[in-house]
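Note sheet for the following structure.
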There are 4 protein chains.
Amino acid sequence: MTTPLQEEKVFKDPVHKYIYVQDQTIWDLINTKEFQRLRRIRQLGTCFLTFHGAEHSRFSHSLGVYEVTRKIISQFERNKYEDWPREERLLCLCASLLHDVGHGPFSHSIEKTFGTHHEEWSCRIVLGDTEVNRVLRRVSPTFPQQVAGVIAKTYNQEIVVSLVSSQLDADRMDYLLRDAYFTGVNYGTFDLERILRVMRPYQGHIVVKESGMHAVEDYLMSRYQMYWQVYFHPVTRSAEVLLHNIFQRAKHLHEEGFAFRFLLHPLPNLFRQKMTVHDHFLMDEAFMQTVLMQWSFEEDPVLSDLCIRFLQRRLLKYVTLEKIDARQIEGLRDQMRSFGIDPDYYLDIDFPSDLSYDVYRPGEQDEKLPILLLDSRDTLTEISRKSEIVRSISGIHMGKYHLYYPRELLLNHADKLDKNLRKLLDL
Amino acid sequence: MTTPLQEEKVFKDPVHKYIYVQDQTIWDLINTKEFQRLRRIRQLGTCFLTFHGAEHSRFSHSLGVYEVTRKIISQFERNKYEDWPREERLLCLCASLLHDVGHGPFSHSIEKTFGTHHEEWSCRIVLGDTEVNRVLRRVSPTFPQQVAGVIAKTYNQEIVVSLVSSQLDADRMDYLLRDAYFTGVNYGTFDLERILRVMRPYQGHIVVKESGMHAVEDYLMSRYQMYWQVYFHPVTRSAEVLLHNIFQRAKHLHEEGFAFRFLLHPLPNLFRQKMTVHDHFLMDEAFMQTVLMQWSFEEDPVLSDLCIRFLQRRLLKYVTLEKIDARQIEGLRDQMRSFGIDPDYYLDIDFPSDLSYDVYRPGEQDEKLPILLLDSRDTLTEISRKSEIVRSISGIHMGKYHLYYPRELLLNHADKLDKNLRKLLDL
Amino acid sequence: MTTPLQEEKVFKDPVHKYIYVQDQTIWDLINTKEFQRLRRIRQLGTCFLTFHGAEHSRFSHSLGVYEVTRKIISQFERNKYEDWPREERLLCLCASLLHDVGHGPFSHSIEKTFGTHHEEWSCRIVLGDTEVNRVLRRVSPTFPQQVAGVIAKTYNQEIVVSLVSSQLDADRMDYLLRDAYFTGVNYGTFDLERILRVMRPYQGHIVVKESGMHAVEDYLMSRYQMYWQVYFHPVTRSAEVLLHNIFQRAKHLHEEGFAFRFLLHPLPNLFRQKMTVHDHFLMDEAFMQTVLMQWSFEEDPVLSDLCIRFLQRRLLKYVTLEKIDARQIEGLRDQMRSFGIDPDYYLDIDFPSDLSYDVYRPGEQDEKLPILLLDSRDTLTEISRKSEIVRSISGIHMGKYHLYYPRELLLNHADKLDKNLRKLLDL
Amino acid sequence: MTTPLQEEKVFKDPVHKYIYVQDQTIWDLINTKEFQRLRRIRQLGTCFLTFHGAEHSRFSHSLGVYEVTRKIISQFERNKYEDWPREERLLCLCASLLHDVGHGPFSHSIEKTFGTHHEEWSCRIVLGDTEVNRVLRRVSPTFPQQVAGVIAKTYNQEIVVSLVSSQLDADRMDYLLRDAYFTGVNYGTFDLERILRVMRPYQGHIVVKESGMHAVEDYLMSRYQMYWQVYFHPVTRSAEVLLHNIFQRAKHLHEEGFAFRFLLHPLPNLFRQKMTVHDHFLMDEAFMQTVLMQWSFEEDPVLSDLCIRFLQRRLLKYVTLEKIDARQIEGLRDQMRSFGIDPDYYLDIDFPSDLSYDVYRPGEQDEKLPILLLDSRDTLTEISRKSEIVRSISGIHMGKYHLYYPRELLLNHADKLDKNLRKLLDL
């Protein structure tokens, strides 16, 4: 059971103005060491190298997701909607707050290299020997399982899962507004208050009144813009490429028995993919940045150089490719080797749509729950069947290929390169 | 000599919308490793523990100060003011950009414990064997000296110094707006565009047209509010107290020959107060947070506990004291010792006005250059002589004393404490 | 009795985002012809001639005052404060909505010339044979009397009166934010949400928790700035002077039996000070602007010229006087007569503090209910006794004198004027 | 020839912060009586009855269009683009400022009833015996002709015309931002500064750098949203229907020789479609609202009732029709006649796309100049060929039909109506 707090607690928040905490359980969760750790993980990974304002943490975002969920539920309760299962309130709030608690530093690159997954870690923290687990168990012995179920999307009430994870969930609503605020772009702003007003619970789903269609279009357009302008920004991707290659190199060196000068616990466990929940706790972004700094003094010239590049923002340059000419790339790789530049670490092709972010794509596999419109005759229709705008966005699943390469290194060998390639690579 | 960039570079900034870079020298300075390091130092130290949005870096702020200076100068040039020494433009821009380059992690606590000073470090970086120095020397061999002179306020042109450091300087104008934006409070907002429009160079000073007096009042009121609401916030101060005590303890242990499990270079140099410019470069906030995390596993229970408290935001509680009752405090210290709680690390009195921030106080020693109003008869008057508002703010130099104490530790011994003390400490 | 609306009605509002109507009575009042008439009265009279954005109506403002009151009460109810008399809710809401319903076009000038008063008219409308009265009587036969009592500040519950009319009332909170929004100045913005959070009912008063003192200081500073920057702006005052003189002239002509070409009903009743409630309804700002346009074709050259000046914004120029030199002014009046320029209509001295607006001045006669701080020991203290800032604002009751004069007319006679006067008047 | 102003004039503007006037000609134009008259014409006609904040005038908007044009040109000059014809600067600024000077009160309804056109009137004012014309002639004898040419889109330099009138012109950029600001919706906001940065003159066109495509998409989406949410709002349209019917009725009565109690000059000229430039000057929105008020007392019950409805916002109700069932409507018309309700004035079908506003539709007749993207190979492409989003918006030219009807009048006769009709009309 949860008990209401004697006095409401309030956090000042730039996006929602204030965040209100009314339950002892929520307050206790916020004060666990695992949740406080999110202060040391940036929300947008390497994006701060493109937009210097994007230095906000997953701590802020997690509070924001909680607050949006709280607002939605409070609207449902105020309007006394019958299809809203009131007893699920605390579960929704806890799952909202905790859904990102498993994120590690620079998640995308680390997950790609070491095959971990942050949602899995969130569940491990919820279920393991942690302060978070102890707080949740105070509600009921099975409560941690329920929270983990919502995070893992296996909980048997769709309406609960969809608040935290769907095409129109509290997670996205917060991150679009928050990332727009901190980067300073104004594409991500949409009218949250209006969206909340048109949402309602209906037969086990969260649906949107048809009159709110244009408001949802506006929200989806914000999302579309944020993906292209912020999340897929090639400079951010270039920094991700660098990080990925750093971890690849370090893993490779470790496997080869390289004598690292700096190999603080739990790095060996990370390399062996044998991290415990406690190891995970230790490995925040401050730790990882310190590792990069220390590795910049390692004797392996590749590892050292890549780390220096990341810390000093000497990123790989990029060109946009309409299509990949595989033979040309292969030729370039060979030539780089002959110049003494290892293409495995200095040349990369990136296609932004294989990110963990996704645009709105109903019908594709792995899709999130779609947005349903409820009309005056109580019929439900998936939004893209009514909105040409949404249809046109859903169609746009083709990103652009980018080739990342070390321009200043190649400059020294430019005379050996083919004329077309030189033009392409601006050498 | 500087050369204009072929194509203007632009940074997206949430506060100024865009930051424009037009000179090769500025662009090169931004790309030095010493300047990029500022990304790893938070602008507001421990304030993020009070306002979770306050996670912005000194990198953002330094760009902002540069941009405000650029706007002021550009206004002076557009209006063709004769009293503006056009040849000083690049010097002003470089000094604006670099004035904070010497900041270390959690500057206030570290400076207090180890007697360093960030302005001194800024000068050492400008003058030492650094990338910054090499870029500046390309302008002219004496240029680093000039930049250091402006930062140290010894440069012989007051008008240049006052742009970077006075009661109405680019530094403050940016930090008030920026800190207000990121914390989410709206006290710090004032009409920057209007302030810029009423500033002008006059006989070696930067002055304000008398008609702009109310605009300056508004700016000073924002400052006053930000000090009370944000910079002097007792929760932020509580975290500073903790940090200070951590460093005190570690220094003490080091002097006593304690065998640290974790004592990465350059910590020993920090303890011995023998840091080099290279050591300074290594010691960013990621490093220091990693140190705190590692020290939380040291065997010394005081050091370990204080570090855990900081990382998990288990801060000391506080009460506001109208005045200090020295005897009462001394008694408490003695009793704490008898409970086995070392008061040197768990009890502290803080008076926020001894911060490195200052409110507007003309006439006190160490004051910054005052704000002068220029009336239609070309007479200069210090603003507090004309404005009652400013006069009333200038008078308010009395902060409030706060006593910080470990409430949950004392609770176990509450029965041994005097009734008045128990009431005071909410035990 | 009021009944809740089946479905909440919502107005989109730029200041409060949304305005929520939940009671049938409020909805019906908004739809009366007397309330709809407020759409045809500008909130800030002649201020649009200084700040072109200030074209918003008293309709918007009245809805805003209602909404702020609704928010305050809703906070009181949510927190279950015992000192809040719940049965007064509807009365507070109706009085908030209607307190300005008696405003006429360009109220200040008209009231000054014809001795009317808008609060009196608000009461007449509430009590007279009007749609408003009929809606109120449906609540209870004595309800109109109660509403009028609150507007006239004679109602016997101070707490109700003070919501609508005190130093910290819903009226001011809305108009500061709204006027700041529409003029585009950002001095008037303060943190409404925070102020609401620190207000509470206490022993028949609305008081402020002491911890909210700085928030109230910020609100009072906004007010101070708005008075100087917007409400006392000499260009706005110059237009008021013009209007006042137009009405003076027309009244004088009417008394002298001048044959107006255009004298639509109810103008004669206005001149005779015998307006009925129906006459008042007819006389909106569209009407008055049409009158000014038509009078610009009257044969009386003074009336015609003054009207043309107003419509085409050819205002009188002004100089600021530190103090009035009565003899000098008298001399100027005489000389103007000798030039054929009637000083009664073309020369004016204005001292902005005799406006119907007032700054915060506890202790002066006619003062509004002061702001009381409630400390942790349940003691009430008037805010200026605790805040130096508020004290300094309260002291500033001295406006500046402005002399308004027809510069371009005097230019033709400049050679006959004294040298000092020419300098003063910029001739 | 124009001369620069000695001192720049500045208007405070909520949308652009400040509006800067640097030329004597612009300053003089703003001070003409014809331009000042725009203060008495609302920018959005009847929209204030839906969004109460929408009370801003065409005066504000016209200044805003001027300012956007000034900013565009200033960017072109700063970047020294060779394809920009510098000598056209003043012409662009004047045409921007004056393009709406011919607007009358509630333009859409009046233009529809009396067959006038505001652009034609703008040209008549520019070319006629007006203060505007006199100011323009001071630049050169042919300058008024040039300005009129730009407004009429016949001027021979496309680049000049397109700044004022194209799919991406200063007019739209200002009105989207301004209407969004004053209504309080946030759909209309887009990043003006970014759009300006990607525009450039190229071979006689204004084009957009391809990298700016997403910024333009964002702008076009704002426009799309504003059309659906604001400009096509059925409540606004309902008020337009009412106004149109009022004018129809009055015209009809006038033709029939009805003895109006109130028929102030220039109403007869309006009825006869013989308005002079001077008549046009007299007929502002204050005048027209006074006419509506006076006509509410005319003896013709239809005219009187319609006017009362407008003034008291008792609008016709509406239903959305997927498609028109002509026979059903005809039947309703007949029945209304039998009830004594004239369907010519109380029943209307409206299809919002026949407004004077238009969404982006390249390829349709009467289209405005399209938006061209300039890629790195200097190829121009119309934007909808590259952007799926734009393509999808361009396709949406189908508005929705609305049937407007007097619900409360029909309620009395509901029993005589067909069951389906009753359901449709909510009777």
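We name chains A, B, ... following the order of the structure tokens; residues begin at 1 in each chain, and ligands are numbered from 1 as shown.
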
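Interface residues of chain D facing chain B, defined by any atom at most 10 Å away and using only C-alpha atoms, are Glu7, Glu8, Lys17, Tyr18, Asn79, Asp191, Glu193 and Arg194 of chain D.
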
Can I get the selected residues back with N, CA, C and O atoms, as a PDB file, in the first residue's frame?
ATOM      1  N   GLU D   7      17.932  59.614 -35.819  1.00  0.00           N
ATOM      2  CA  GLU D   7      17.965  58.603 -34.770  1.00  0.00           C
ATOM      3  C   GLU D   7      16.917  57.557 -35.119  1.00  0.00           C
ATOM      4  O   GLU D   7      15.769  57.894 -35.377  1.00  0.00           O
ATOM      5  N   GLU D   8      17.337  56.315 -35.160  1.00  0.00           N
ATOM      6  CA  GLU D   8      16.460  55.181 -35.364  1.00  0.00           C
ATOM      7  C   GLU D   8      15.232  55.260 -34.454  1.00  0.00           C
ATOM      8  O   GLU D   8      15.359  55.549 -33.276  1.00  0.00           O
ATOM      9  N   LYS D  17       9.706  41.631 -30.810  1.00  0.00           N
ATOM     10  CA  LYS D  17      10.375  42.350 -29.719  1.00  0.00           C
ATOM     11  C   LYS D  17      10.471  43.857 -30.046  1.00  0.00           C
ATOM     12  O   LYS D  17       9.885  44.659 -29.352  1.00  0.00           O
ATOM     13  N   TYR D  18      11.213  44.196 -31.086  1.00  0.00           N
ATOM     14  CA  TYR D  18      11.291  45.595 -31.481  1.00  0.00           C
ATOM     15  C   TYR D  18      11.124  45.692 -32.990  1.00  0.00           C
ATOM     16  O   TYR D  18      11.528  44.801 -33.725  1.00  0.00           O
ATOM     17  N   ASN D  79      25.220  39.811 -46.076  1.00  0.00           N
ATOM     18  CA  ASN D  79      25.926  38.725 -46.729  1.00  0.00           C
ATOM     19  C   ASN D  79      26.431  39.102 -48.116  1.00  0.00           C
ATOM     20  O   ASN D  79      27.010  38.275 -48.803  1.00  0.00           O
ATOM     21  N   ASP D 191      10.379  28.840 -36.493  1.00  0.00           N
ATOM     22  CA  ASP D 191      11.644  29.508 -36.197  1.00  0.00           C
ATOM     23  C   ASP D 191      11.960  30.546 -37.284  1.00  0.00           C
ATOM     24  O   ASP D 191      12.637  30.250 -38.254  1.00  0.00           O
ATOM     25  N   GLU D 193      13.850  33.149 -37.334  1.00  0.00           N
ATOM     26  CA  GLU D 193      15.263  33.452 -37.507  1.00  0.00           C
ATOM     27  C   GLU D 193      15.944  32.413 -38.409  1.00  0.00           C
ATOM     28  O   GLU D 193      16.758  32.753 -39.253  1.00  0.00           O
ATOM     29  N   ARG D 194      15.541  31.164 -38.231  1.00  0.00           N
ATOM     30  CA  ARG D 194      16.161  30.125 -39.056  1.00  0.00           C
ATOM     31  C   ARG D 194      15.716  30.232 -40.512  1.00  0.00           C
ATOM     32  O   ARG D 194      16.525  30.079 -41.423  1.00  0.00           O
TER      33      ARG D 194
END

So that I can see what lies close to Gly331 (chain A), please list as a ChimeraX atom specification the residues with an atom at most 12 Å from it, counting only C-alpha atoms and leaving out residues fewer than 5 positions away in the same chain.
/A:325-326,336-338,343,347,417-418,421

Write a file of the just-selected residues containing C-alpha atoms, as a CSV table (one decimal), in the first residue's frame.
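Output file part02.csv is given in full below:
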chain,number,residue,atom,x,y,z
A,325,ASP,CA,28.6,2.2,-53.8
A,326,ALA,CA,30.0,-0.8,-52.1
A,336,MET,CA,43.4,3.4,-46.0
A,337,ARG,CA,45.1,0.3,-44.8
A,338,SER,CA,47.9,1.0,-47.2
A,343,PRO,CA,39.4,1.5,-41.6
A,347,LEU,CA,35.6,4.6,-41.5
A,417,LEU,CA,43.2,8.8,-54.2
A,418,ASP,CA,40.9,8.7,-57.2
A,421,LEU,CA,36.7,10.1,-54.3

What lies within 12 Å of Ser74 (chain C) using only C-alpha atoms, ignoring chain neighbours under 2 positions off, as a PyMOL selection string?
chain C and resi 20+22+67-72+76-81+84+86+89-90+92-93+196-197+199-200

Dump of N, CA, C and O atoms for the selected residues, as an mmCIF file, in the first residue's frame:
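File written: again-v9.cif
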data_model
loop_
_atom_site.group_PDB
_atom_site.id
_atom_site.type_symbol
_atom_site.label_atom_id
_atom_site.label_comp_id
_atom_site.auth_asym_id
_atom_site.auth_seq_id
_atom_site.Cartn_x
_atom_site.Cartn_y
_atom_site.Cartn_z
ATOM 1 N N TYR C 20 -11.390 27.989 -17.663
ATOM 2 C CA TYR C 20 -12.355 26.907 -17.476
ATOM 3 C C TYR C 20 -13.640 27.424 -16.830
ATOM 4 O O TYR C 20 -13.589 28.056 -15.774
ATOM 5 N N GLN C 22 -17.179 26.207 -15.243
ATOM 6 C CA GLN C 22 -17.779 24.972 -14.733
ATOM 7 C C GLN C 22 -19.190 25.169 -14.193
ATOM 8 O O GLN C 22 -19.886 24.203 -13.916
ATOM 9 N N GLU C 67 -10.677 33.672 -13.904
ATOM 10 C CA GLU C 67 -9.872 32.450 -13.909
ATOM 11 C C GLU C 67 -8.872 32.435 -12.754
ATOM 12 O O GLU C 67 -8.664 31.402 -12.118
ATOM 13 N N VAL C 68 -8.256 33.563 -12.478
ATOM 14 C CA VAL C 68 -7.312 33.604 -11.351
ATOM 15 C C VAL C 68 -8.058 33.313 -10.050
ATOM 16 O O VAL C 68 -7.597 32.524 -9.211
ATOM 17 N N THR C 69 -9.218 33.917 -9.888
ATOM 18 C CA THR C 69 -10.022 33.651 -8.686
ATOM 19 C C THR C 69 -10.377 32.168 -8.598
ATOM 20 O O THR C 69 -10.270 31.553 -7.533
ATOM 21 N N ARG C 70 -10.776 31.606 -9.731
ATOM 22 C CA ARG C 70 -11.126 30.191 -9.743
ATOM 23 C C ARG C 70 -9.933 29.326 -9.318
ATOM 24 O O ARG C 70 -10.089 28.366 -8.553
ATOM 25 N N LYS C 71 -8.772 29.692 -9.787
ATOM 26 C CA LYS C 71 -7.573 28.918 -9.443
ATOM 27 C C LYS C 71 -7.255 29.031 -7.961
ATOM 28 O O LYS C 71 -6.856 28.067 -7.328
ATOM 29 N N ILE C 72 -7.363 30.252 -7.420
ATOM 30 C CA ILE C 72 -7.082 30.444 -5.993
ATOM 31 C C ILE C 72 -8.039 29.587 -5.169
ATOM 32 O O ILE C 72 -7.621 28.836 -4.287
ATOM 33 N N PHE C 76 -7.459 26.453 -2.581
ATOM 34 C CA PHE C 76 -7.942 26.447 -1.193
ATOM 35 C C PHE C 76 -8.746 25.165 -0.930
ATOM 36 O O PHE C 76 -8.601 24.528 0.112
ATOM 37 N N GLU C 77 -9.609 24.821 -1.886
ATOM 38 C CA GLU C 77 -10.458 23.641 -1.676
ATOM 39 C C GLU C 77 -9.629 22.360 -1.702
ATOM 40 O O GLU C 77 -9.850 21.455 -0.907
ATOM 41 N N ARG C 78 -8.657 22.297 -2.645
ATOM 42 C CA ARG C 78 -7.843 21.091 -2.752
ATOM 43 C C ARG C 78 -7.064 20.843 -1.458
ATOM 44 O O ARG C 78 -6.897 19.719 -1.032
ATOM 45 N N ASN C 79 -6.603 21.954 -0.847
ATOM 46 C CA ASN C 79 -5.831 21.813 0.377
ATOM 47 C C ASN C 79 -6.703 21.732 1.626
ATOM 48 O O ASN C 79 -6.188 21.641 2.732
ATOM 49 N N LYS C 80 -8.011 21.803 1.407
ATOM 50 C CA LYS C 80 -8.963 21.689 2.524
ATOM 51 C C LYS C 80 -8.643 22.652 3.667
ATOM 52 O O LYS C 80 -8.695 22.283 4.845
ATOM 53 N N TYR C 81 -8.278 23.909 3.312
ATOM 54 C CA TYR C 81 -8.014 24.898 4.358
ATOM 55 C C TYR C 81 -9.303 25.186 5.116
ATOM 56 O O TYR C 81 -10.322 25.525 4.503
ATOM 57 N N TRP C 84 -11.264 28.705 4.932
ATOM 58 C CA TRP C 84 -11.897 29.145 3.688
ATOM 59 C C TRP C 84 -13.406 28.885 3.740
ATOM 60 O O TRP C 84 -13.833 27.750 3.891
ATOM 61 N N ARG C 86 -16.321 27.931 2.176
ATOM 62 C CA ARG C 86 -16.642 27.305 0.894
ATOM 63 C C ARG C 86 -17.917 27.825 0.251
ATOM 64 O O ARG C 86 -18.045 27.827 -0.977
ATOM 65 N N ARG C 89 -17.896 30.599 -2.669
ATOM 66 C CA ARG C 89 -17.236 30.360 -3.952
ATOM 67 C C ARG C 89 -17.914 31.083 -5.118
ATOM 68 O O ARG C 89 -17.288 31.869 -5.832
ATOM 69 N N LEU C 90 -19.197 30.836 -5.324
ATOM 70 C CA LEU C 90 -19.873 31.399 -6.490
ATOM 71 C C LEU C 90 -19.900 32.928 -6.424
ATOM 72 O O LEU C 90 -19.732 33.609 -7.440
ATOM 73 N N CYS C 92 -17.650 34.886 -5.077
ATOM 74 C CA CYS C 92 -16.312 35.353 -5.481
ATOM 75 C C CYS C 92 -16.162 35.311 -7.002
ATOM 76 O O CYS C 92 -15.662 36.250 -7.629
ATOM 77 N N LEU C 93 -16.592 34.203 -7.597
ATOM 78 C CA LEU C 93 -16.432 34.054 -9.044
ATOM 79 C C LEU C 93 -17.248 35.110 -9.793
ATOM 80 O O LEU C 93 -16.760 35.725 -10.743
ATOM 81 N N LEU C 196 0.200 31.736 -6.185
ATOM 82 C CA LEU C 196 -0.998 31.005 -5.786
ATOM 83 C C LEU C 196 -0.670 29.953 -4.729
ATOM 84 O O LEU C 196 -1.426 29.747 -3.788
ATOM 85 N N ARG C 197 0.484 29.301 -4.890
ATOM 86 C CA ARG C 197 0.853 28.249 -3.957
ATOM 87 C C ARG C 197 1.142 28.744 -2.539
ATOM 88 O O ARG C 197 1.058 27.969 -1.585
ATOM 89 N N MET C 199 -0.392 31.485 -1.126
ATOM 90 C CA MET C 199 -1.556 32.176 -0.545
ATOM 91 C C MET C 199 -2.389 31.199 0.274
ATOM 92 O O MET C 199 -2.548 30.054 -0.102
ATOM 93 N N ARG C 200 -2.956 31.677 1.359
ATOM 94 C CA ARG C 200 -3.938 30.845 2.055
ATOM 95 C C ARG C 200 -4.901 31.706 2.866
ATOM 96 O O ARG C 200 -4.586 32.834 3.232
#

Give me the residues within 12 Å of Pro406 (chain A) as a PyMOL selection string, counting only C-alpha atoms and dropping any in the same chain fewer than 6 places off.
chain A and resi 238+241-242+305-306+309+314-319+332-333+336+341-348+412-414+425-427

Same residues, N, CA and C atoms, saved as a tab-separated table (two decimals), in the first residue's frame:
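Full text of part_24.tsv as output:
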chain	number	residue	atom	x	y	z
A	238	SER	N	28.14	11.09	-35.60
A	238	SER	CA	29.58	10.97	-35.75
A	238	SER	C	30.24	10.70	-34.40
A	241	VAL	N	29.57	7.11	-33.53
A	241	VAL	CA	30.48	6.24	-34.28
A	241	VAL	C	31.82	6.14	-33.56
A	242	LEU	N	32.30	7.28	-33.11
A	242	LEU	CA	33.58	7.33	-32.42
A	242	LEU	C	33.54	6.48	-31.14
A	305	ASP	N	44.10	7.75	-29.68
A	305	ASP	CA	43.66	8.80	-30.61
A	305	ASP	C	42.13	8.94	-30.62
A	306	LEU	N	41.42	7.82	-30.61
A	306	LEU	CA	39.96	7.91	-30.65
A	306	LEU	C	39.43	8.62	-29.40
A	309	ARG	N	40.06	12.30	-29.63
A	309	ARG	CA	39.08	12.87	-30.56
A	309	ARG	C	37.75	13.13	-29.88
A	314	ARG	N	37.12	16.28	-31.83
A	314	ARG	CA	37.72	16.23	-33.17
A	314	ARG	C	37.09	15.05	-33.88
A	315	LEU	N	35.86	15.25	-34.33
A	315	LEU	CA	35.05	14.15	-34.84
A	315	LEU	C	35.44	13.79	-36.27
A	316	LEU	N	35.00	12.63	-36.70
A	316	LEU	CA	35.15	12.26	-38.11
A	316	LEU	C	34.22	13.14	-38.94
A	317	LYS	N	34.69	13.49	-40.12
A	317	LYS	CA	33.84	14.24	-41.05
A	317	LYS	C	32.84	13.29	-41.70
A	318	TYR	N	31.84	13.85	-42.37
A	318	TYR	CA	30.88	12.97	-43.02
A	318	TYR	C	30.45	13.53	-44.36
A	319	VAL	N	30.03	12.63	-45.22
A	319	VAL	CA	29.33	13.04	-46.45
A	319	VAL	C	28.03	12.23	-46.51
A	332	LEU	N	38.28	2.19	-50.86
A	332	LEU	CA	38.78	3.18	-49.91
A	332	LEU	C	39.34	2.50	-48.67
A	333	ARG	N	38.64	1.48	-48.21
A	333	ARG	CA	39.13	0.74	-47.03
A	333	ARG	C	40.54	0.18	-47.31
A	336	MET	N	43.08	2.95	-47.32
A	336	MET	CA	43.36	3.44	-45.97
A	336	MET	C	44.35	2.52	-45.26
A	341	ILE	N	46.05	3.61	-41.90
A	341	ILE	CA	44.88	4.07	-41.10
A	341	ILE	C	43.90	2.90	-41.08
A	342	ASP	N	43.59	2.42	-39.91
A	342	ASP	CA	42.76	1.22	-39.82
A	342	ASP	C	41.29	1.57	-40.10
A	343	PRO	N	40.74	1.11	-41.22
A	343	PRO	CA	39.36	1.49	-41.57
A	343	PRO	C	38.34	0.92	-40.59
A	344	ASP	N	38.70	-0.13	-39.88
A	344	ASP	CA	37.75	-0.68	-38.90
A	344	ASP	C	37.40	0.34	-37.83
A	345	TYR	N	38.30	1.29	-37.59
A	345	TYR	CA	38.06	2.27	-36.54
A	345	TYR	C	37.91	3.69	-37.07
A	346	TYR	N	38.21	3.89	-38.34
A	346	TYR	CA	38.21	5.25	-38.85
A	346	TYR	C	37.26	5.47	-40.03
A	347	LEU	N	36.57	4.43	-40.42
A	347	LEU	CA	35.65	4.58	-41.54
A	347	LEU	C	34.36	3.90	-41.15
A	348	ASP	N	33.27	4.56	-41.38
A	348	ASP	CA	32.01	3.96	-40.95
A	348	ASP	C	30.88	4.47	-41.82
A	412	ASN	N	46.73	13.96	-46.18
A	412	ASN	CA	48.15	13.71	-46.46
A	412	ASN	C	48.36	12.74	-47.62
A	413	HIS	N	47.30	11.97	-47.91
A	413	HIS	CA	47.43	10.97	-48.96
A	413	HIS	C	46.53	11.27	-50.14
A	414	ALA	N	46.03	12.47	-50.19
A	414	ALA	CA	45.01	12.80	-51.18
A	414	ALA	C	45.47	12.53	-52.60
A	425	LEU	N	34.96	13.36	-50.95
A	425	LEU	CA	35.42	13.51	-49.56
A	425	LEU	C	35.98	14.90	-49.29
A	426	ASP	N	35.83	15.80	-50.24
A	426	ASP	CA	36.28	17.17	-50.07
A	426	ASP	C	37.75	17.23	-49.67
A	427	LEU	N	38.59	16.53	-50.42
A	427	LEU	CA	40.03	16.50	-50.11
A	427	LEU	C	40.82	17.36	-51.11

For region 208-223 of chain B, find every residue with an atom within 9 Å (counting only C-alpha atoms), except residues of its own chain fewer than 2 positions away, and show them as a ChimeraX atom specification.
/B:168,172-173,176,186-192,194-195,197-201,206,225-228,359-360,371-376,383,386-387,389-390,393 /C:187,218,221-222,225,228-229

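Note that the spacing between CA of Gln146 (chain A) and CA of Leu91 (chain A) amounts to 7.4 Å.
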
Residues at most 10 Å from Ala54 (chain D), counting only C-alpha atoms, excluding those fewer than 6 positions away in the same chain, as a PyMOL selection string?
(chain C and resi 13-14+55-57+60) or (chain D and resi 42-48+178-184)

Region 152-357 of chain B: which residues are strand (DSSP E) by DSSP, as number ranges by chain?
B: 199-202, 205-209, 317-321, 348-350
